[in-house]
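Below is protein_13.txt, which holds compact mmCIF, C-alpha atoms.
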# COMPACT_ATOMS: atom_id res chain seq x y z
CA MET G 1301 67.53 69.31 -95.35
CA ASP G 1302 67.66 69.22 -99.15
CA MET G 1303 66.14 72.52 -100.23
CA LYS G 1304 65.01 72.56 -103.87
CA ALA G 1305 64.14 76.24 -104.26
CA VAL G 1306 63.10 79.43 -102.50
CA PHE G 1307 59.76 80.92 -103.53
CA ILE G 1308 59.43 84.66 -102.91
CA PHE G 1309 56.15 86.55 -103.26
CA VAL G 1310 56.30 90.29 -103.90
CA SER G 1311 53.23 92.52 -103.95
CA LEU G 1312 53.63 94.98 -106.84
CA SER G 1313 51.03 97.27 -105.30
CA ASP G 1314 53.27 97.82 -102.26
CA TYR G 1315 55.30 100.42 -104.15
CA CYS G 1316 53.02 103.15 -102.76
CA LYS G 1317 52.64 101.75 -99.24
CA VAL G 1318 54.60 102.10 -96.02
CA LEU G 1319 55.30 99.59 -93.27
CA MET G 1320 52.73 99.37 -90.51
CA GLU G 1321 55.48 99.38 -87.89
CA ASP G 1322 57.39 102.30 -89.43
CA LYS G 1323 55.56 104.88 -91.54
CA ASN G 1324 58.86 106.28 -92.83
CA ILE G 1325 59.87 103.11 -94.69
CA ASN G 1326 58.47 102.24 -98.11
CA ALA G 1327 57.06 98.69 -98.13
CA LEU G 1328 58.51 97.73 -101.51
CA SER G 1329 61.95 99.10 -100.60
CA GLU G 1330 61.89 96.90 -97.52
CA GLU G 1331 61.00 93.86 -99.63
CA ILE G 1332 63.90 94.62 -101.98
CA LYS G 1333 66.25 94.84 -99.01
CA LEU G 1334 64.97 91.56 -97.58
CA VAL G 1335 65.45 89.70 -100.87
CA GLU G 1336 69.02 91.01 -101.12
CA GLU G 1337 69.74 89.67 -97.65
CA LEU G 1338 68.28 86.28 -98.54
CA LYS G 1339 70.36 86.06 -101.72
CA THR G 1340 73.60 86.53 -99.78
CA SER G 1341 72.67 84.22 -96.90
CA LYS G 1342 74.88 81.15 -96.45
CA PHE G 1343 71.75 79.10 -95.77
CA PHE G 1344 70.70 79.41 -99.40
CA ASN G 1345 73.95 78.66 -101.20
CA ASP G 1346 73.28 76.90 -104.52
CA VAL G 1347 69.52 77.18 -103.97
CA PRO G 1348 67.63 78.87 -106.85
CA PHE G 1349 65.19 81.69 -106.16
CA LEU G 1350 61.85 81.96 -107.96
CA ILE G 1351 60.03 85.27 -107.53
CA PHE G 1352 56.29 85.75 -107.95
CA PHE G 1353 55.22 89.35 -108.52
CA SER G 1354 51.60 89.40 -107.42
CA LYS G 1355 48.72 91.90 -107.37
CA ILE G 1356 49.39 93.05 -110.92
CA ASP G 1357 45.73 94.07 -111.12
CA LEU G 1358 46.02 96.49 -108.18
CA PHE G 1359 49.34 97.76 -109.48
CA LEU G 1360 47.81 98.67 -112.85
CA GLN G 1361 44.89 100.41 -111.16
CA ARG G 1362 47.15 102.50 -108.92
CA ILE G 1363 50.10 103.39 -111.14
CA ASN G 1364 48.39 106.35 -112.85
CA LYS G 1365 46.94 107.72 -109.61
CA PHE G 1366 50.14 107.30 -107.61
CA PRO G 1367 53.17 107.81 -109.91
CA LEU G 1368 56.10 105.54 -109.19
CA SER G 1369 58.50 108.49 -109.24
CA ASN G 1370 56.85 109.80 -106.05
CA TYR G 1371 58.31 106.83 -104.19
CA PHE G 1372 61.40 106.04 -106.27
CA PRO G 1373 62.84 109.39 -107.48
CA GLU G 1374 65.36 107.61 -109.73
CA TYR G 1375 62.54 106.21 -111.88
CA GLN G 1376 62.28 108.03 -115.22
CA GLY G 1377 59.86 105.82 -117.16
CA LYS G 1378 56.81 107.03 -119.05
CA ASN G 1379 54.15 104.32 -118.71
CA TYR G 1380 52.98 101.31 -116.73
CA MET G 1381 55.19 98.90 -118.67
CA ASP G 1382 58.29 100.93 -117.86
CA ALA G 1383 57.16 101.07 -114.22
CA LEU G 1384 56.69 97.32 -114.06
CA GLU G 1385 60.09 96.64 -115.61
CA PHE G 1386 61.73 99.10 -113.21
CA ILE G 1387 60.33 97.26 -110.17
CA ILE G 1388 61.27 93.83 -111.50
CA ASN G 1389 64.83 94.95 -112.19
CA LYS G 1390 65.10 96.09 -108.58
CA PHE G 1391 64.82 92.45 -107.54
CA LEU G 1392 66.88 90.82 -110.26
CA ASP G 1393 70.51 89.97 -109.79
CA ASP G 1394 73.49 92.17 -110.13
CA LYS G 1395 75.34 89.61 -112.24
CA THR G 1396 78.69 90.86 -110.98
CA LYS G 1397 77.75 89.53 -107.54
CA THR G 1398 75.43 86.56 -107.81
CA GLU G 1399 72.87 84.88 -110.02
CA LYS G 1400 70.28 83.60 -107.61
CA ILE G 1401 67.08 84.59 -109.40
CA LYS G 1402 66.43 81.80 -111.90
CA ARG G 1403 62.84 82.55 -112.89
CA TYR G 1404 60.27 85.21 -112.13
CA PHE G 1405 56.54 85.34 -112.79
CA ILE G 1406 54.01 88.17 -112.89
CA VAL G 1407 50.75 86.82 -111.53
CA ASN G 1408 47.22 87.69 -110.55
CA LEU G 1409 46.42 85.23 -107.77
CA LEU G 1410 42.71 85.48 -108.61
CA ASP G 1411 43.33 84.24 -112.16
CA ASN G 1412 43.01 80.46 -111.89
CA PHE G 1413 44.12 79.80 -115.46
CA GLN G 1414 47.27 81.85 -115.03
CA ILE G 1415 48.12 80.27 -111.68
CA GLU G 1416 47.82 76.77 -113.15
CA THR G 1417 50.14 77.79 -115.98
CA VAL G 1418 52.71 79.32 -113.62
CA LEU G 1419 52.70 76.33 -111.28
CA GLU G 1420 53.23 74.05 -114.27
CA LYS G 1421 56.23 76.15 -115.32
CA CYS G 1422 57.67 75.94 -111.80
CA ALA G 1423 57.16 72.19 -111.65
CA ASN G 1424 58.84 71.73 -115.03
CA TYR G 1425 61.79 73.87 -113.97
CA LEU G 1426 62.30 72.05 -110.67
CA THR G 1427 61.84 68.62 -112.24
CA THR G 1428 64.41 69.37 -114.92
CA LYS G 1429 66.83 70.87 -112.41
CA ASN G 1430 66.69 67.99 -109.97
CA GLU G 1431 66.81 65.04 -112.32
CA LYS G 1432 69.67 62.84 -111.18
CA ASN G 1433 70.64 61.69 -114.65
CA GLN G 1434 70.29 65.05 -116.28
CA PRO G 1435 71.68 65.11 -119.85
CA LYS G 1436 74.47 67.44 -120.84
CA GLU G 1437 73.58 70.83 -122.27
CA GLU G 1438 73.64 69.77 -125.93
CA GLU G 1439 71.81 66.53 -125.21
CA LYS G 1440 69.28 68.40 -123.10
CA LYS G 1441 68.53 70.82 -125.93
CA ASP G 1442 68.00 67.97 -128.37
CA TYR G 1443 65.72 66.25 -125.88
CA LEU G 1444 63.64 69.39 -125.35
CA GLU G 1445 63.35 69.98 -129.08
CA GLU G 1446 62.20 66.40 -129.58
CA GLU G 1447 59.68 66.79 -126.76
CA GLN G 1448 58.34 69.95 -128.36
CA GLU G 1449 57.90 68.22 -131.70
CA ASN G 1450 55.71 65.63 -129.99
CA ASP G 1451 53.57 68.30 -128.33
CA MET G 1452 51.35 71.10 -129.60
CA ASN G 1453 53.42 74.01 -130.87
CA PRO G 1454 53.28 77.21 -128.78
CA LEU G 1455 51.57 79.22 -131.53
CA SER G 1456 48.60 76.85 -131.78
CA GLU G 1457 48.54 76.30 -128.03
CA ASP G 1458 48.34 80.02 -127.27
CA TYR G 1459 45.47 80.69 -129.67
CA LEU G 1460 43.59 77.62 -128.46
CA ASN G 1461 44.02 78.84 -124.88
CA LEU G 1462 42.60 82.18 -125.98
CA PHE G 1463 39.37 80.40 -126.88
CA GLN G 1464 39.34 78.22 -123.78
CA ARG G 1465 39.82 81.16 -121.41
CA GLN G 1466 36.69 82.82 -122.83
CA GLU G 1467 38.08 86.35 -122.47
CA PHE G 1468 37.78 89.35 -124.81
CA CYS G 1469 35.04 87.54 -126.75
CA ASP G 1470 32.81 89.59 -129.05
CA PHE G 1471 30.93 86.93 -131.01
CA GLU G 1472 28.22 84.51 -129.85
CA LEU G 1473 27.70 81.25 -131.70
CA LYS G 1474 24.38 79.77 -130.60
CA THR G 1475 23.89 76.02 -130.53
CA LYS G 1476 20.87 73.91 -129.66
CA ASP G 1477 21.94 73.61 -126.02
CA SER G 1478 24.41 76.43 -125.37
CA ILE G 1479 26.18 79.59 -126.50
CA ILE G 1480 29.85 79.46 -127.53
CA ASN G 1481 31.70 82.74 -127.02
CA LEU G 1482 34.22 83.40 -129.77
CA HIS G 1483 36.40 86.13 -131.28
CA SER G 1484 35.25 87.68 -134.54
CA LEU G 1485 38.85 88.49 -135.47
CA ILE G 1486 39.80 84.80 -135.42
CA LEU G 1487 36.68 83.72 -137.29
CA LYS G 1488 37.23 86.29 -140.04
CA MET G 1489 40.86 85.27 -140.28
CA ARG G 1490 39.99 81.60 -140.81
CA LEU G 1491 36.61 81.67 -142.56
CA LYS G 1492 34.99 83.70 -145.30
CA GLU G 1493 32.10 85.96 -144.35
CA GLU G 1494 29.51 83.75 -146.02
CA GLU G 1495 30.96 80.69 -144.26
CA ILE G 1496 30.58 82.40 -140.89
CA LYS G 1497 26.93 83.17 -141.63
CA LYS G 1498 26.29 79.58 -142.64
CA LEU G 1499 28.02 78.33 -139.49
CA GLU G 1500 25.73 80.51 -137.36
CA LYS G 1501 22.68 78.99 -139.04
CA ILE G 1502 23.94 75.40 -138.91
CA SER G 1503 24.93 75.56 -135.24
CA LEU G 1504 21.38 76.30 -134.15
CA ASN G 1505 20.51 72.67 -134.89
CA LEU G 1506 23.63 71.16 -133.32
CA GLN G 1507 24.78 70.49 -129.79
CA LYS G 1508 27.81 72.30 -128.42
CA LYS G 1509 29.91 69.11 -128.32
CA GLN G 1510 29.35 68.64 -132.05
CA VAL G 1511 30.64 72.12 -132.89
CA ILE G 1512 33.60 72.32 -130.48
CA PRO G 1513 35.99 70.11 -132.54
CA LEU G 1514 35.66 72.50 -135.48
CA ILE G 1515 36.12 75.55 -133.24
CA ASN G 1516 39.26 74.04 -131.72
CA PHE G 1517 40.64 73.49 -135.21
CA ILE G 1518 39.80 77.05 -136.27
CA TYR G 1519 41.72 78.46 -133.31
CA SER G 1520 44.72 76.12 -133.36
CA GLY G 1521 45.09 74.65 -136.83
CA GLU G 1522 45.75 71.37 -135.03
CA ILE G 1523 43.74 68.21 -135.59
CA THR G 1524 43.06 67.49 -131.92
CA PHE G 1525 39.82 65.57 -132.38
CA ASP G 1526 39.36 61.80 -132.44
CA LEU G 1527 37.32 59.78 -134.92
CA ASN G 1528 34.05 60.85 -133.29
CA GLY G 1529 35.11 64.48 -133.48
CA PHE G 1530 36.11 64.09 -137.10
CA ASN G 1531 32.77 62.48 -137.92
CA SER G 1532 30.98 65.42 -136.30
CA ILE G 1533 32.97 67.91 -138.37
CA LEU G 1534 32.31 66.38 -141.78
CA PRO G 1535 28.56 67.16 -141.91
CA ILE G 1536 29.27 70.74 -140.84
CA LEU G 1537 31.90 71.15 -143.53
CA GLU G 1538 29.53 69.82 -146.16
CA LYS G 1539 26.89 72.39 -145.19
CA LEU G 1540 29.57 75.07 -145.37
CA ASP G 1541 30.37 73.83 -148.91
CA LEU G 1542 33.77 72.67 -147.65
CA ASP G 1543 35.40 69.25 -147.53
CA GLN G 1544 38.36 67.37 -146.03
CA LYS G 1545 40.66 69.25 -148.39
CA TRP G 1546 39.81 72.44 -146.50
CA ILE G 1547 41.20 70.90 -143.30
CA LEU G 1548 44.46 70.05 -145.05
CA GLU G 1549 44.70 73.56 -146.47
CA LYS G 1550 43.98 75.25 -143.14
CA LYS G 1551 45.90 73.05 -140.73
CA PHE G 1552 49.15 73.92 -138.98
CA PRO G 1553 51.73 74.88 -140.01
CA ASN G 1554 51.30 76.17 -143.57
CA GLY G 1555 47.59 76.99 -143.70
CA PHE G 1556 47.37 78.29 -140.15
CA ILE G 1557 50.43 80.53 -140.45
CA GLU G 1558 49.29 81.78 -143.86
CA ASP G 1559 46.05 83.03 -142.28
CA LEU G 1560 48.02 84.66 -139.46
CA LYS G 1561 50.29 86.31 -142.01
CA LYS G 1562 47.26 88.01 -143.55
CA LEU G 1563 46.30 89.27 -140.10
CA PHE G 1564 49.88 90.43 -139.52
CA ASN G 1565 49.71 92.54 -142.69
CA ASP G 1566 46.25 93.92 -141.86
CA LYS G 1567 47.35 97.14 -140.15
CA GLU G 1568 44.11 98.92 -141.02
CA ASN G 1569 42.09 96.90 -138.49
CA ALA G 1570 44.81 96.72 -135.83
CA ASP G 1571 43.72 98.42 -132.62
CA PHE G 1572 46.84 98.88 -130.49
CA THR G 1573 50.06 100.84 -130.94
CA ILE G 1574 53.38 100.56 -129.15
CA ILE G 1575 55.48 103.70 -129.52
CA ALA G 1576 59.16 103.07 -128.87
CA ASN G 1577 62.18 105.19 -129.74
CA ASN G 1578 60.18 107.31 -132.21
CA SER G 1579 58.85 104.21 -134.00
CA ARG G 1580 55.27 102.96 -134.09
CA PHE G 1581 54.41 99.27 -133.92
CA ILE G 1582 50.79 98.59 -134.87
CA ILE G 1583 49.29 95.34 -133.64
CA HIS G 1584 46.00 93.65 -132.77
CA LYS G 1585 45.16 93.57 -129.06
CA LEU G 1586 43.81 90.06 -129.38
CA VAL G 1587 47.16 88.79 -130.65
CA LEU G 1588 48.92 90.34 -127.66
CA CYS G 1589 46.36 88.79 -125.31
CA ALA G 1590 46.80 85.36 -126.87
CA ARG G 1591 50.58 85.31 -126.80
CA SER G 1592 51.59 87.43 -123.81
CA GLY G 1593 50.33 86.91 -120.28
CA LEU G 1594 51.62 90.37 -119.40
CA PHE G 1595 49.55 92.16 -122.05
CA ARG G 1596 46.57 89.94 -121.28
CA GLY G 1597 46.70 91.01 -117.64
CA MET G 1598 47.05 94.64 -118.60
CA PHE G 1599 44.06 94.62 -120.93
CA LEU G 1600 42.01 92.85 -118.27
CA ASN G 1601 42.96 95.31 -115.54
CA VAL G 1602 43.88 98.71 -116.98
CA ILE G 1603 40.84 100.89 -116.35
CA ASP G 1604 41.40 103.56 -119.01
CA ASP G 1605 41.36 100.98 -121.85
CA SER G 1606 44.24 102.77 -123.52
CA ASN G 1607 44.92 101.81 -127.12
CA GLN G 1608 48.64 102.46 -126.98
CA VAL G 1609 51.79 102.27 -124.90
CA SER G 1610 53.79 105.45 -125.42
CA GLU G 1611 57.54 105.92 -125.18
CA TYR G 1612 58.17 102.31 -124.24
CA THR G 1613 61.87 101.60 -123.67
CA GLY G 1614 61.83 97.97 -122.60
CA LYS G 1615 63.37 96.48 -125.77
CA SER G 1616 65.37 97.68 -128.75
CA ASN G 1617 63.30 98.41 -131.85
CA LYS G 1618 64.82 95.46 -133.71
CA ALA G 1619 64.03 93.05 -130.89
CA LEU G 1620 60.52 94.47 -130.50
CA ASP G 1621 59.91 94.14 -134.24
CA LYS G 1622 61.02 90.49 -134.13
CA LEU G 1623 58.94 89.81 -131.04
CA ILE G 1624 55.77 91.19 -132.66
CA GLN G 1625 56.47 89.15 -135.77
CA TYR G 1626 56.82 86.09 -133.56
CA PHE G 1627 53.54 86.86 -131.78
CA TYR G 1628 51.74 86.55 -135.10
CA LEU G 1629 53.66 83.89 -136.98
CA GLY G 1630 55.52 81.85 -134.39
CA LYS G 1631 58.70 82.23 -136.43
CA PHE G 1632 61.14 84.80 -137.83
CA ASP G 1633 61.76 85.87 -141.40
CA SER G 1634 65.53 85.87 -140.87
CA LYS G 1635 68.16 84.58 -138.47
CA LEU G 1636 68.66 86.33 -135.15
CA ASN G 1637 71.98 87.74 -134.08
CA SER G 1638 73.19 86.92 -130.57
CA LYS G 1639 72.15 90.29 -129.11
CA ILE G 1640 68.54 90.12 -130.32
CA SER G 1641 68.33 86.45 -129.40
CA GLN G 1642 69.37 87.30 -125.85
CA GLU G 1643 66.80 90.11 -125.67
CA LEU G 1644 64.09 87.71 -126.81
CA ASN G 1645 65.16 85.03 -124.33
CA ASP G 1646 64.97 87.63 -121.58
CA SER G 1647 61.43 88.43 -122.76
CA VAL G 1648 59.98 85.01 -121.97
CA ASP G 1649 59.46 85.68 -118.27
CA TYR G 1650 58.77 89.41 -118.55
CA TYR G 1651 56.07 89.12 -121.21
CA GLN G 1652 54.91 85.80 -119.70
CA LEU G 1653 55.30 83.91 -122.94
CA ASN G 1654 54.74 80.23 -123.46
CA PRO G 1655 57.93 78.57 -122.08
CA LYS G 1656 58.34 76.68 -125.36
CA CYS G 1657 59.21 80.02 -126.98
CA ASN G 1658 62.71 79.73 -125.53
CA LEU G 1659 63.48 76.94 -127.97
CA ASP G 1660 62.22 78.97 -130.94
CA PHE G 1661 64.46 81.89 -129.98
CA GLN G 1662 67.50 79.64 -129.57
CA LYS G 1663 67.03 77.72 -132.82
CA LYS G 1664 67.68 80.80 -134.93
CA ASN G 1665 71.09 81.65 -133.52
Can the structure in the file be given as structure tokens, please?
Amino acid sequence: MDMKAVFIFVSLSDYCKVLMEDKNINALSEEIKLVEELKTSKFFNDVPFLIFFSKIDLFLQRINKFPLSNYFPEYQGKNYMDALEFIINKFLDDKTKTEKIKRYFIVNLLDNFQIETVLEKCANYLTTKNEKNQPKEEEKKDYLEEEQENDMNPLSEDYLNLFQRQEFCDFELKTKDSIINLHSLILKMRLKEEEIKKLEKISLNLQKKQVIPLINFIYSGEITFDLNGFNSILPILEKLDLDQKWILEKKFPNGFIEDLKKLFNDKENADFTIIANNSRFIIHKLVLCARSGLFRGMFLNVIDDSNQVSEYTGKSNKALDKLIQYFYLGKFDSKLNSKISQELNDSVDYYQLNPKCNLDFQKKN
């Protein structure tokens, strides 16, 4: 039998449970032991392992009530992010022995959008791995870069997905036949205050399908609409006292990134702080939700609605600073050294970033 991969599902919330058949054995410890046995089994030689860490929602609800250190005395972390990273590292490879774990994913099985994204990542990984005429490493990189150039960039894609998921919305745009839920932070970043007010008034006399092409452009900076969509946008732009030149000025990359740069520098209205190694990193929650599946899940599920992560030790300050910059701008202001580049590459799975981010991190070496 030609086995393509081994899928392993781990319940994060099991850290505070015991086995039904033996109340003296921690359930998560038993899962760790089982995975180690599977990794060394002769039946799975040369077969990659993909791990799915599920029940992140229950984990986040329980971690403050039932401290991880009660069940794993060696744990010395300070917050739920440290706890999550500690558990994940328990399953990852000791590289001196084997490298079986090729990818891992943190998932909420009730989140349909996230599951679709994860399954797509798995399919892409397995398809690439099992292609018979797979190009060499250098050729493969060129091919992937070319493929990315022909597709929507991860920055635009992530912000467009933010709109399509309809989460964390705080602004209602009423149309003749519907209500479009939006994010005031994005609107204020892309439009002037008077333009937003005019858009609210104009939309009342339009159908949702007439407004959506403009909304998609506001969120992504990408011209994704066809001729009909473009024709529906022009009358709206005219009533906003804008024209086709505005589209050229606001489109990706220059115009879109310029607006994001203003948001990046707007620390006064940022509403989340990461404290790491005596440094404070101030950021907008919405940016984290758009670009990181991990933070999105945390803000959806953490009950106390905390506005900061304290004493976080997951990344070096330099790598964290670069990562936050990348969340906003989709690029770096300087080249990355090999150490930071490796830290960022390791972040793709942990922070549940768009898989295309790997290429951006590698390009700057």
List as a PyMOL selection string the protein and nucleic acid residues near G:Ile1308, meaning an atom at most 7 Å away when only C-alpha atoms are counted, but skip any in the same chain fewer than 3 places from it.
chain G and resi 1350-1352
Take the residues from that selection and put them in a file with C-alpha atoms, as a PDB file, in the frame of the given file.
ATOM      1  CA  LEU G1350      61.850  81.960-107.960  1.00  0.00           C
ATOM      2  CA  ILE G1351      60.030  85.270-107.530  1.00  0.00           C
ATOM      3  CA  PHE G1352      56.290  85.750-107.950  1.00  0.00           C
TER       4      PHE G1352
END
Close residues, G:Ile1502 itself excluded, 9 Å, only C-alpha atoms, min 5 positions apart in chain, as a PyMOL selection string:
chain G and resi 1475+1497+1536+1539-1540
At a cut-off of 12 Å, using only C-alpha atoms, what residues contact stretch 1517-1525 of chain G? Leave out same-chain residues fewer than 2 positions from it and give the result as a PyMOL selection string.
chain G and resi 1451-1464+1482-1491+1496+1509-1515+1527-1533+1544+1546-1560+1587+1590
In file coordinates, which residues lie within 10 Å of (39.2, 85.1, -119.0) using all atoms listed in the file, given as a compact mmCIF listing (two decimals) with C-alpha atoms, in the coordinates of the input?
# COMPACT_ATOMS: atom_id res chain seq x y z
CA ASP G 1411 43.33 84.24 -112.16
CA ASN G 1412 43.01 80.46 -111.89
CA PHE G 1413 44.12 79.80 -115.46
CA GLN G 1414 47.27 81.85 -115.03
CA ASN G 1461 44.02 78.84 -124.88
CA LEU G 1462 42.60 82.18 -125.98
CA PHE G 1463 39.37 80.40 -126.88
CA GLN G 1464 39.34 78.22 -123.78
CA ARG G 1465 39.82 81.16 -121.41
CA GLN G 1466 36.69 82.82 -122.83
CA GLU G 1467 38.08 86.35 -122.47
CA PHE G 1468 37.78 89.35 -124.81
CA CYS G 1469 35.04 87.54 -126.75
CA ARG G 1596 46.57 89.94 -121.28
CA GLY G 1597 46.70 91.01 -117.64
CA LEU G 1600 42.01 92.85 -118.27
For atom CA of G:Leu1636 and atom CA of G:Ala1570, determine how far apart the two atoms are, in Å to one decimal place.
26.0 Å
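Distance-wise, atom CA of G:Glu1321 and atom CA of G:Ser1369 end up 23.4 Å apart.
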Have a look at G:Tyr1425, G:Ile1575, G:Tyr1650, G:Tyr1404 and name the one nearest to G:Asp1621; count only C-alpha atoms.
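Once distances to G:Asp1621 are computed over only C-alpha atoms, the minimum belongs to G:Ile1575.
Proximity of G:Glu1420, G:Glu1493, G:Pro1348, G:Leu1653 to G:Ser1592, computed with all atoms listed in the file, is greatest for G:Leu1653.
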Selection as a list in words: residues within 7 Å of (50.4, 82.4, -111.6), counting all atoms listed in the file:
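Here is the list of nearby residues: Phe1405, Ile1406, Val1407, Asn1408, Leu1409, Gln1414, Ile1415, Glu1416, Thr1417, Val1418 and Leu1419 of chain G.
Picture a line from atom CA of G:Ile1325 to atom CA of G:Lys1390; it runs 16.4 Å.
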Go through G:Phe1599, G:Arg1403, G:Lys1498, G:Gln1642 and flag the residue nearest G:Cys1422, using only C-alpha atoms for the distances.
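Smallest separation from G:Cys1422 among the options: G:Arg1403.
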Please provide as number ranges by chain all residues within 12 Å of stretch 1339-1341 of chain G, with the sequence filter that same-chain residues fewer than 3 positions apart are discarded (counting all atoms listed in the file).
G: 1305-1308, 1332-1336, 1344-1351, 1391-1394, 1397-1402
Excluding G:Cys1657 and any residue of its chain fewer than 6 positions from it, enumerate the residues within 10 Å of it, using only C-alpha atoms, and give them as a list in words.
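Surrounding residues, per the criterion: Asn1453, Pro1454, Leu1455, Tyr1626, Gly1630, Lys1631, Leu1644, Asn1645, Ser1647 and Val1648 of chain G.
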Here is a test: counting only C-alpha atoms, which residue of G:Glu1331, G:Glu1643, G:Asp1543, G:Asp1314 is nearest to G:Ser1616?
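Closest residue, counting only C-alpha atoms: G:Glu1643.
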